[in-house]
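Notes follow once the structure below has been shown.
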Amino acid sequence: MDEKVRELLEKAKLTAGLAADGAVKAAGAVSQKGTQLVEKTKRSFQVFDLNNEVELLMREIGRMIYLTHTGAETDEAALEEKLAQIDEKYAQIAELKAAQEAEKTTTVCPVCGKACDKNDLYCRICGEKLQ
Ligand SMILES: [Zn+2]
């Protein structure tokens, strides 16, 4: 692997911890708030769109890294910006998913697959402990 590409990958690794922090904070913020009730369908579309945007950014980053490998000058600021955008979008996705999870009233038994009430302590079919 070239030195340039290796450097870029090292930089990307340095921000890894920040990304994880962001997602956890976003998830916590929503479960605490829980007041803003956005329609479930709307949220699913938002997650879908965000995932597409992340895919596009991933592709652009891949292209930048490949160009670096071919010897082209790398716009590191642009690369870091794209990485930050992905972090942000993943945090938004985590937030949306946490909100969806919080609204669920059913849970699935890990043993028999039966849909049980979220408040059930044990599965009504097989008796597996649910919580
Ligand atoms: Zn069960």
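Order determines the names: the first chain of the structure tokens is A, the second B, and so forth; residues in each chain are numbered 1 upward, and ligands are numbered 1 upward as they are shown.
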
Using only C-alpha atoms and all ligand atoms, what are the residues with an atom within 10 Å of ligand 1, set out as a short mmCIF file (atom, residue, chain, number, x, y, z; two decimals) with N, CA and C atoms, in the first residue's frame?
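Below is the file out38.cif, written as the result:
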data_model
loop_
_atom_site.label_atom_id
_atom_site.label_comp_id
_atom_site.auth_asym_id
_atom_site.auth_seq_id
_atom_site.Cartn_x
_atom_site.Cartn_y
_atom_site.Cartn_z
N VAL A 108 -39.92 -9.48 20.05
CA VAL A 108 -39.94 -10.83 19.51
C VAL A 108 -39.16 -11.78 20.43
N CYS A 109 -39.77 -12.89 20.77
CA CYS A 109 -39.09 -13.89 21.61
C CYS A 109 -37.87 -14.42 20.87
N PRO A 110 -36.70 -14.38 21.51
CA PRO A 110 -35.47 -14.84 20.84
C PRO A 110 -35.45 -16.35 20.63
N VAL A 111 -36.30 -17.09 21.36
CA VAL A 111 -36.29 -18.55 21.23
C VAL A 111 -37.32 -19.04 20.21
N CYS A 112 -38.59 -18.66 20.39
CA CYS A 112 -39.63 -19.21 19.51
C CYS A 112 -40.08 -18.23 18.42
N GLY A 113 -39.68 -16.97 18.53
CA GLY A 113 -40.02 -16.02 17.48
C GLY A 113 -41.40 -15.41 17.60
N LYS A 114 -42.12 -15.76 18.64
CA LYS A 114 -43.47 -15.22 18.84
C LYS A 114 -43.39 -13.74 19.23
N ALA A 115 -44.33 -12.93 18.68
CA ALA A 115 -44.40 -11.52 19.05
C ALA A 115 -45.08 -11.41 20.41
N CYS A 116 -44.39 -10.81 21.36
CA CYS A 116 -44.93 -10.65 22.70
C CYS A 116 -45.06 -9.17 23.02
N TYR A 122 -41.95 -12.72 30.46
CA TYR A 122 -41.66 -14.04 29.89
C TYR A 122 -42.52 -14.25 28.64
N CYS A 123 -42.01 -15.06 27.72
CA CYS A 123 -42.75 -15.37 26.50
C CYS A 123 -44.00 -16.16 26.87
N ARG A 124 -45.12 -15.79 26.23
CA ARG A 124 -46.39 -16.45 26.51
C ARG A 124 -46.48 -17.84 25.89
N ILE A 125 -45.64 -18.11 24.95
CA ILE A 125 -45.67 -19.41 24.28
C ILE A 125 -44.66 -20.38 24.90
N CYS A 126 -43.40 -19.98 24.95
CA CYS A 126 -42.38 -20.94 25.40
C CYS A 126 -41.82 -20.63 26.80
N GLY A 127 -42.17 -19.49 27.35
CA GLY A 127 -41.74 -19.17 28.72
C GLY A 127 -40.34 -18.60 28.86
N GLU A 128 -39.70 -18.30 27.72
CA GLU A 128 -38.36 -17.71 27.76
C GLU A 128 -38.41 -16.35 28.45
N LYS A 129 -37.37 -16.05 29.24
CA LYS A 129 -37.29 -14.74 29.90
C LYS A 129 -37.04 -13.68 28.82
N LEU A 130 -37.84 -12.64 28.83
CA LEU A 130 -37.73 -11.62 27.77
C LEU A 130 -36.93 -10.39 28.19
#

Those of chain A in DSSP strand (DSSP E or B), formatted as a PyMOL selection string: chain A and resi 106-108+115-117+122+129

Only N, CA and C atoms, please: the residues just picked out, written as a compact mmCIF listing (two decimals), in the first residue's frame.
# COMPACT_ATOMS: atom_id res chain seq x y z
N THR A 106 -44.31 -4.12 20.77
CA THR A 106 -44.08 -5.57 20.80
C THR A 106 -42.59 -5.88 20.76
N THR A 107 -42.28 -7.06 21.20
CA THR A 107 -40.91 -7.55 21.13
C THR A 107 -40.99 -8.99 20.65
N VAL A 108 -39.92 -9.48 20.05
CA VAL A 108 -39.94 -10.83 19.51
C VAL A 108 -39.16 -11.78 20.43
N ALA A 115 -44.33 -12.93 18.68
CA ALA A 115 -44.40 -11.52 19.05
C ALA A 115 -45.08 -11.41 20.41
N CYS A 116 -44.39 -10.81 21.36
CA CYS A 116 -44.93 -10.65 22.70
C CYS A 116 -45.06 -9.17 23.02
N ASP A 117 -45.82 -8.87 24.05
CA ASP A 117 -45.95 -7.49 24.48
C ASP A 117 -44.61 -7.03 25.06
N TYR A 122 -41.95 -12.72 30.46
CA TYR A 122 -41.66 -14.04 29.89
C TYR A 122 -42.52 -14.25 28.64
N LYS A 129 -37.37 -16.05 29.24
CA LYS A 129 -37.29 -14.74 29.90
C LYS A 129 -37.04 -13.68 28.82

Computed interatomic separation between CA of Gln92 (chain A) and CA of Thr41 (chain A) (Å):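 We find that CA of Gln92 (chain A) and CA of Thr41 (chain A) lie 15.8 Å from each other.
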
d(CA of Met1 (chain A), CA of Glu88 (chain A)) in Å: 28.9 Å

Å distance separating CA of Leu96 (chain A) from CA of Ser44 (chain A), one decimal place: 8.2 Å

Backbone DSSP call of helix (DSSP H, G or I) for chain A, listed as a PyMOL selection string: chain A and resi 3-14+16-33+40-69+76-103

Distance query region 5-14 of chain A at most 12 Å, only C-alpha atoms, self and fewer than 4 positions along chain excluded, as a ChimeraX atom specification: /A:1,18-20,61-77,79-84,86-87
